[in-house]
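Take a look at the structure below.
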Amino acid sequence: MLKVIQSPAKYLQGADASASFGQYAKNLAESYFVIADDFVMKLAGDKVINGLHDFGVSCHAERFKGECSHAEINRLIAILKQKGCQGVVGIGGGKTLDTAKAIGYYQKLPVIVVPTIASTDAPTSALSVIYTEAGEFEEYLVYPKNPDMVVMDTTIIAKAPVRLLVAGMGDALSTWFEAKACYDSRATSMAGGQSTVAALSLARLCFDTLLAEGEKARLACEANVVTDALERIVEANTYLSGIGFESSGLAAAHAIHNGFTILEECHHLYHGEKVAFGTLSQLVLQNSPMEEIETVLGFCHKVGLPVTLGEMGVKEGIEAKIMAVAQATCAEGETIHNMPFPVSPDSVYAAIVTADKLGQQWLAR
């Protein structure tokens, strides 16, 4: 099988990046269709629009109604056609960015995404999650290429809730361990081939950056300021983790996350918070050295990620609930089957409850 790596065509990051990205955007199109929801349009809309106008690029701004559904995508495409725009800019969180990617794909136009948070590694990916108008999952749209540009304005991200940045660290925490598992098992990544050494190296750099900068970045975000540590964590959460997961692969940590989505008491958790506990569970599943497990426990505790089922909200009926989680984790087609050894609901159950015990022991120190 071929080795494949993919990434956005251009990645921009820095304080007030959205105020100056027009100098690069003008090379892709002369006019843009800009979408954001009401809150984000008030928060950052003027800054992004001026960031285009200042470099002679015209645009039309339109409100995104909140759901990445085919109905909303088609509604916005009709307006884009009417306005004659030649590119798409999405500002905000995951559903807005996924909608911008879909519009660009269907209209064969360049796509620029401007995340206002750094809570997942999804912005760099060639993927959208499509929902029904009622908000229920419908399908994944996998694109032939990644966004043309990702713009991370760290001034905006530093003012977002701290918990979102920390959740991004939880998502990024899994990248190295899942990438290594996929590399060892020669699994096929979302990029359509086996991992390259470059993608694996970025995944490792992601983990090393989290350990070195995570706590400092959290404190900077609490103060709503941009520091070198915050810059490095935004890059780790978004770019390093994004390339690492898409071009190396997902394994047990994300599958265990998916398993936990069946529990109502876990619905309040962000994606990365569940992934962090899934990472700890993967380390137990693969019998990682205790030193490595304690490194992950220490990191999670310092930045504020859950290390026990109790912190996840699972406090009663644990045996039955975790067995149901384990069974969902091992469903056909789940990424846990990318692990370099066979897994079963029993082995996943054992890993999760042992991870919980390790977390309890750590917190009792």
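Each chain in the structure tokens gets a letter, A, B, ..., in the order shown, and its residues are numbered from 1; ligands are numbered from 1 in order too.
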Show which residues sit within 10 Å of Gly298 (chain A), as an MDAnalysis selection string. Count only C-alpha atoms, and ignore same-chain residues fewer than 3 positions away.
chainID A and resid 211 292:295 301:305 307 359 362:363
Based on the backbone DSSP call, show me all residues of region 11-156 of chain A assigned strand (DSSP E), as a PyMOL selection string.
chain A and resi 11-14+31-36+58-63+87-92+111-115+127-131+137-142+149-153
Return the single residue from A:Gly93, A:Pro345, A:Pro110, A:Pro8 that is closest to Val40 (chain A), with distances computed using only C-alpha atoms.
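Among the listed residues, A:Gly93 lies closest to Val40 (chain A).
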If you count only C-alpha atoms, which residues fall within 9 Å of Leu141 (chain A), apart from same-chain ones fewer than 4 positions away, as a ChimeraX atom specification?
/A:102,126-130
Shell of 12 Å around Leu109 (chain A), only C-alpha atoms, local chain residues under 6 positions omitted, as a JSON list (two decimals) with all heavy atoms, in the first residue's frame:
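Dumped everything to result35.json:
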[["chain", "number", "residue", "atom", "x", "y", "z"],
["A", 28, "LEU", "N", -6.42, 33.41, -4.15],
["A", 28, "LEU", "CA", -7.34, 32.30, -4.44],
["A", 28, "LEU", "C", -8.63, 32.77, -5.12],
["A", 28, "LEU", "O", -9.20, 32.06, -5.94],
["A", 28, "LEU", "CB", -7.71, 31.57, -3.13],
["A", 28, "LEU", "CG", -6.56, 30.88, -2.39],
["A", 28, "LEU", "CD1", -7.05, 30.37, -1.05],
["A", 28, "LEU", "CD2", -6.00, 29.74, -3.22],
["A", 29, "ALA", "N", -9.11, 33.97, -4.75],
["A", 29, "ALA", "CA", -10.36, 34.48, -5.32],
["A", 29, "ALA", "C", -10.44, 35.99, -5.10],
["A", 29, "ALA", "O", -9.80, 36.53, -4.20],
["A", 29, "ALA", "CB", -11.56, 33.79, -4.67],
["A", 30, "GLU", "N", -11.27, 36.65, -5.93],
["A", 30, "GLU", "CA", -11.44, 38.09, -5.81],
["A", 30, "GLU", "C", -12.63, 38.47, -4.94],
["A", 30, "GLU", "O", -12.73, 39.61, -4.50],
["A", 30, "GLU", "CB", -11.60, 38.70, -7.21],
["A", 30, "GLU", "CG", -10.37, 38.57, -8.09],
["A", 30, "GLU", "CD", -10.58, 39.18, -9.47],
["A", 30, "GLU", "OE1", -11.71, 39.62, -9.75],
["A", 30, "GLU", "OE2", -9.61, 39.21, -10.25],
["A", 31, "SER", "N", -13.52, 37.51, -4.70],
["A", 31, "SER", "CA", -14.70, 37.78, -3.87],
["A", 31, "SER", "C", -15.06, 36.52, -3.08],
["A", 31, "SER", "O", -14.94, 35.40, -3.59],
["A", 31, "SER", "CB", -15.88, 38.23, -4.73],
["A", 31, "SER", "OG", -16.27, 37.18, -5.60],
["A", 32, "TYR", "N", -15.51, 36.72, -1.84],
["A", 32, "TYR", "CA", -15.80, 35.59, -0.96],
["A", 32, "TYR", "C", -17.20, 35.67, -0.37],
["A", 32, "TYR", "O", -17.74, 36.76, -0.11],
["A", 32, "TYR", "CB", -14.78, 35.55, 0.19],
["A", 32, "TYR", "CG", -13.45, 34.99, -0.22],
["A", 32, "TYR", "CD1", -12.45, 35.84, -0.72],
["A", 32, "TYR", "CD2", -13.18, 33.63, -0.15],
["A", 32, "TYR", "CE1", -11.21, 35.33, -1.12],
["A", 32, "TYR", "CE2", -11.95, 33.12, -0.55],
["A", 32, "TYR", "CZ", -10.97, 33.98, -1.03],
["A", 32, "TYR", "OH", -9.77, 33.47, -1.41],
["A", 33, "PHE", "N", -17.74, 34.48, -0.14],
["A", 33, "PHE", "CA", -19.01, 34.30, 0.58],
["A", 33, "PHE", "C", -18.64, 33.95, 2.01],
["A", 33, "PHE", "O", -18.06, 32.89, 2.26],
["A", 33, "PHE", "CB", -19.80, 33.17, -0.09],
["A", 33, "PHE", "CG", -21.19, 32.98, 0.42],
["A", 33, "PHE", "CD1", -22.16, 33.96, 0.22],
["A", 33, "PHE", "CD2", -21.55, 31.82, 1.08],
["A", 33, "PHE", "CE1", -23.47, 33.77, 0.66],
["A", 33, "PHE", "CE2", -22.84, 31.62, 1.53],
["A", 33, "PHE", "CZ", -23.80, 32.60, 1.32],
["A", 77, "ILE", "N", -25.86, 27.96, -0.67],
["A", 77, "ILE", "CA", -25.35, 27.88, -2.05],
["A", 77, "ILE", "C", -26.19, 28.75, -2.98],
["A", 77, "ILE", "O", -25.65, 29.44, -3.87],
["A", 77, "ILE", "CB", -25.35, 26.41, -2.54],
["A", 77, "ILE", "CG1", -24.19, 25.64, -1.89],
["A", 77, "ILE", "CG2", -25.24, 26.34, -4.06],
["A", 77, "ILE", "CD1", -24.17, 24.15, -2.21],
["A", 80, "LEU", "N", -25.06, 32.25, -2.49],
["A", 80, "LEU", "CA", -23.72, 32.41, -3.06],
["A", 80, "LEU", "C", -23.80, 32.59, -4.58],
["A", 80, "LEU", "O", -23.14, 33.47, -5.15],
["A", 80, "LEU", "CB", -22.87, 31.20, -2.70],
["A", 80, "LEU", "CG", -21.43, 31.17, -3.24],
["A", 80, "LEU", "CD1", -20.52, 30.41, -2.28],
["A", 80, "LEU", "CD2", -21.35, 30.50, -4.62],
["A", 81, "LYS", "N", -24.61, 31.77, -5.23],
["A", 81, "LYS", "CA", -24.75, 31.86, -6.69],
["A", 81, "LYS", "C", -25.34, 33.21, -7.09],
["A", 81, "LYS", "O", -24.89, 33.83, -8.06],
["A", 81, "LYS", "CB", -25.65, 30.73, -7.20],
["A", 81, "LYS", "CG", -25.01, 29.36, -7.19],
["A", 81, "LYS", "CD", -26.00, 28.33, -7.72],
["A", 81, "LYS", "CE", -25.37, 26.96, -7.88],
["A", 81, "LYS", "NZ", -26.36, 25.96, -8.36],
["A", 84, "GLY", "N", -22.66, 35.75, -6.81],
["A", 84, "GLY", "CA", -21.54, 35.54, -7.72],
["A", 84, "GLY", "C", -20.18, 35.46, -7.05],
["A", 84, "GLY", "O", -19.15, 35.81, -7.66],
["A", 85, "CYS", "N", -20.14, 34.98, -5.80],
["A", 85, "CYS", "CA", -18.87, 34.90, -5.07],
["A", 85, "CYS", "C", -18.01, 33.75, -5.61],
["A", 85, "CYS", "O", -18.52, 32.73, -6.08],
["A", 85, "CYS", "CB", -19.12, 34.71, -3.58],
["A", 85, "CYS", "SG", -20.01, 36.08, -2.81],
["A", 86, "GLN", "N", -16.70, 33.93, -5.51],
["A", 86, "GLN", "CA", -15.75, 32.98, -6.09],
["A", 86, "GLN", "C", -15.02, 32.11, -5.06],
["A", 86, "GLN", "O", -14.20, 31.27, -5.42],
["A", 86, "GLN", "CB", -14.71, 33.75, -6.91],
["A", 86, "GLN", "CG", -15.29, 34.58, -8.01],
["A", 86, "GLN", "CD", -14.28, 35.55, -8.60],
["A", 86, "GLN", "OE1", -13.20, 35.75, -8.04],
["A", 86, "GLN", "NE2", -14.61, 36.15, -9.72],
["A", 87, "GLY", "N", -15.29, 32.31, -3.77],
["A", 87, "GLY", "CA", -14.68, 31.53, -2.71],
["A", 87, "GLY", "C", -15.55, 31.55, -1.48],
["A", 87, "GLY", "O", -16.52, 32.33, -1.41],
["A", 88, "VAL", "N", -15.23, 30.71, -0.50],
["A", 88, "VAL", "CA", -16.03, 30.59, 0.72],
["A", 88, "VAL", "C", -15.13, 30.77, 1.93],
["A", 88, "VAL", "O", -14.04, 30.20, 2.00],
["A", 88, "VAL", "CB", -16.72, 29.20, 0.80],
["A", 88, "VAL", "CG1", -17.67, 29.14, 2.00],
["A", 88, "VAL", "CG2", -17.46, 28.88, -0.48],
["A", 89, "VAL", "N", -15.62, 31.54, 2.92],
["A", 89, "VAL", "CA", -14.94, 31.69, 4.21],
["A", 89, "VAL", "C", -15.92, 31.31, 5.31],
["A", 89, "VAL", "O", -17.03, 31.86, 5.38],
["A", 89, "VAL", "CB", -14.46, 33.14, 4.44],
["A", 89, "VAL", "CG1", -13.84, 33.27, 5.84],
["A", 89, "VAL", "CG2", -13.46, 33.57, 3.39],
["A", 100, "ALA", "N", -19.03, 25.42, 5.47],
["A", 100, "ALA", "CA", -18.19, 26.13, 4.49],
["A", 100, "ALA", "C", -17.46, 25.15, 3.59],
["A", 100, "ALA", "O", -17.39, 25.33, 2.36],
["A", 100, "ALA", "CB", -17.21, 27.05, 5.21],
["A", 101, "LYS", "N", -16.91, 24.08, 4.19],
["A", 101, "LYS", "CA", -16.22, 23.06, 3.39],
["A", 101, "LYS", "C", -17.17, 22.43, 2.37],
["A", 101, "LYS", "O", -16.80, 22.20, 1.22],
["A", 101, "LYS", "CB", -15.66, 21.96, 4.30],
["A", 101, "LYS", "CG", -14.50, 22.36, 5.20],
["A", 101, "LYS", "CD", -14.07, 21.14, 6.01],
["A", 101, "LYS", "CE", -13.16, 21.46, 7.15],
["A", 101, "LYS", "NZ", -12.81, 20.27, 7.95],
["A", 102, "ALA", "N", -18.40, 22.14, 2.83],
["A", 102, "ALA", "CA", -19.38, 21.49, 1.94],
["A", 102, "ALA", "C", -19.77, 22.41, 0.78],
["A", 102, "ALA", "O", -19.87, 21.96, -0.37],
["A", 102, "ALA", "CB", -20.62, 21.09, 2.74],
["A", 103, "ILE", "N", -19.99, 23.69, 1.08],
["A", 103, "ILE", "CA", -20.34, 24.65, 0.02],
["A", 103, "ILE", "C", -19.21, 24.70, -1.01],
["A", 103, "ILE", "O", -19.45, 24.65, -2.22],
["A", 103, "ILE", "CB", -20.60, 26.04, 0.62],
["A", 103, "ILE", "CG1", -21.84, 26.02, 1.51],
["A", 103, "ILE", "CG2", -20.77, 27.08, -0.49],
["A", 103, "ILE", "CD1", -22.01, 27.29, 2.35],
["A", 145, "LYS", "N", -9.84, 16.93, -1.15],
["A", 145, "LYS", "CA", -8.72, 17.75, -0.68],
["A", 145, "LYS", "C", -9.09, 18.48, 0.61],
["A", 145, "LYS", "O", -10.27, 18.61, 0.94],
["A", 145, "LYS", "CB", -8.30, 18.77, -1.75],
["A", 145, "LYS", "CG", -9.30, 19.87, -2.04],
["A", 145, "LYS", "CD", -8.78, 20.75, -3.17],
["A", 145, "LYS", "CE", -9.71, 21.94, -3.45],
["A", 145, "LYS", "NZ", -9.67, 22.96, -2.39],
["A", 147, "PRO", "N", -8.98, 21.92, 3.26],
["A", 147, "PRO", "CA", -9.25, 23.35, 3.01],
["A", 147, "PRO", "C", -8.04, 24.03, 2.36],
["A", 147, "PRO", "O", -6.89, 23.64, 2.60],
["A", 147, "PRO", "CB", -9.50, 23.91, 4.42],
["A", 147, "PRO", "CG", -9.99, 22.74, 5.20],
["A", 147, "PRO", "CD", -9.25, 21.56, 4.67],
["A", 148, "ASP", "N", -8.32, 25.04, 1.57],
["A", 148, "ASP", "CA", -7.24, 25.77, 0.91],
["A", 148, "ASP", "C", -6.46, 26.62, 1.91],
["A", 148, "ASP", "O", -5.27, 26.89, 1.70],
["A", 148, "ASP", "CB", -7.81, 26.66, -0.19],
["A", 148, "ASP", "CG", -8.44, 25.82, -1.29],
["A", 148, "ASP", "OD1", -7.71, 25.41, -2.20],
["A", 148, "ASP", "OD2", -9.65, 25.56, -1.21]]
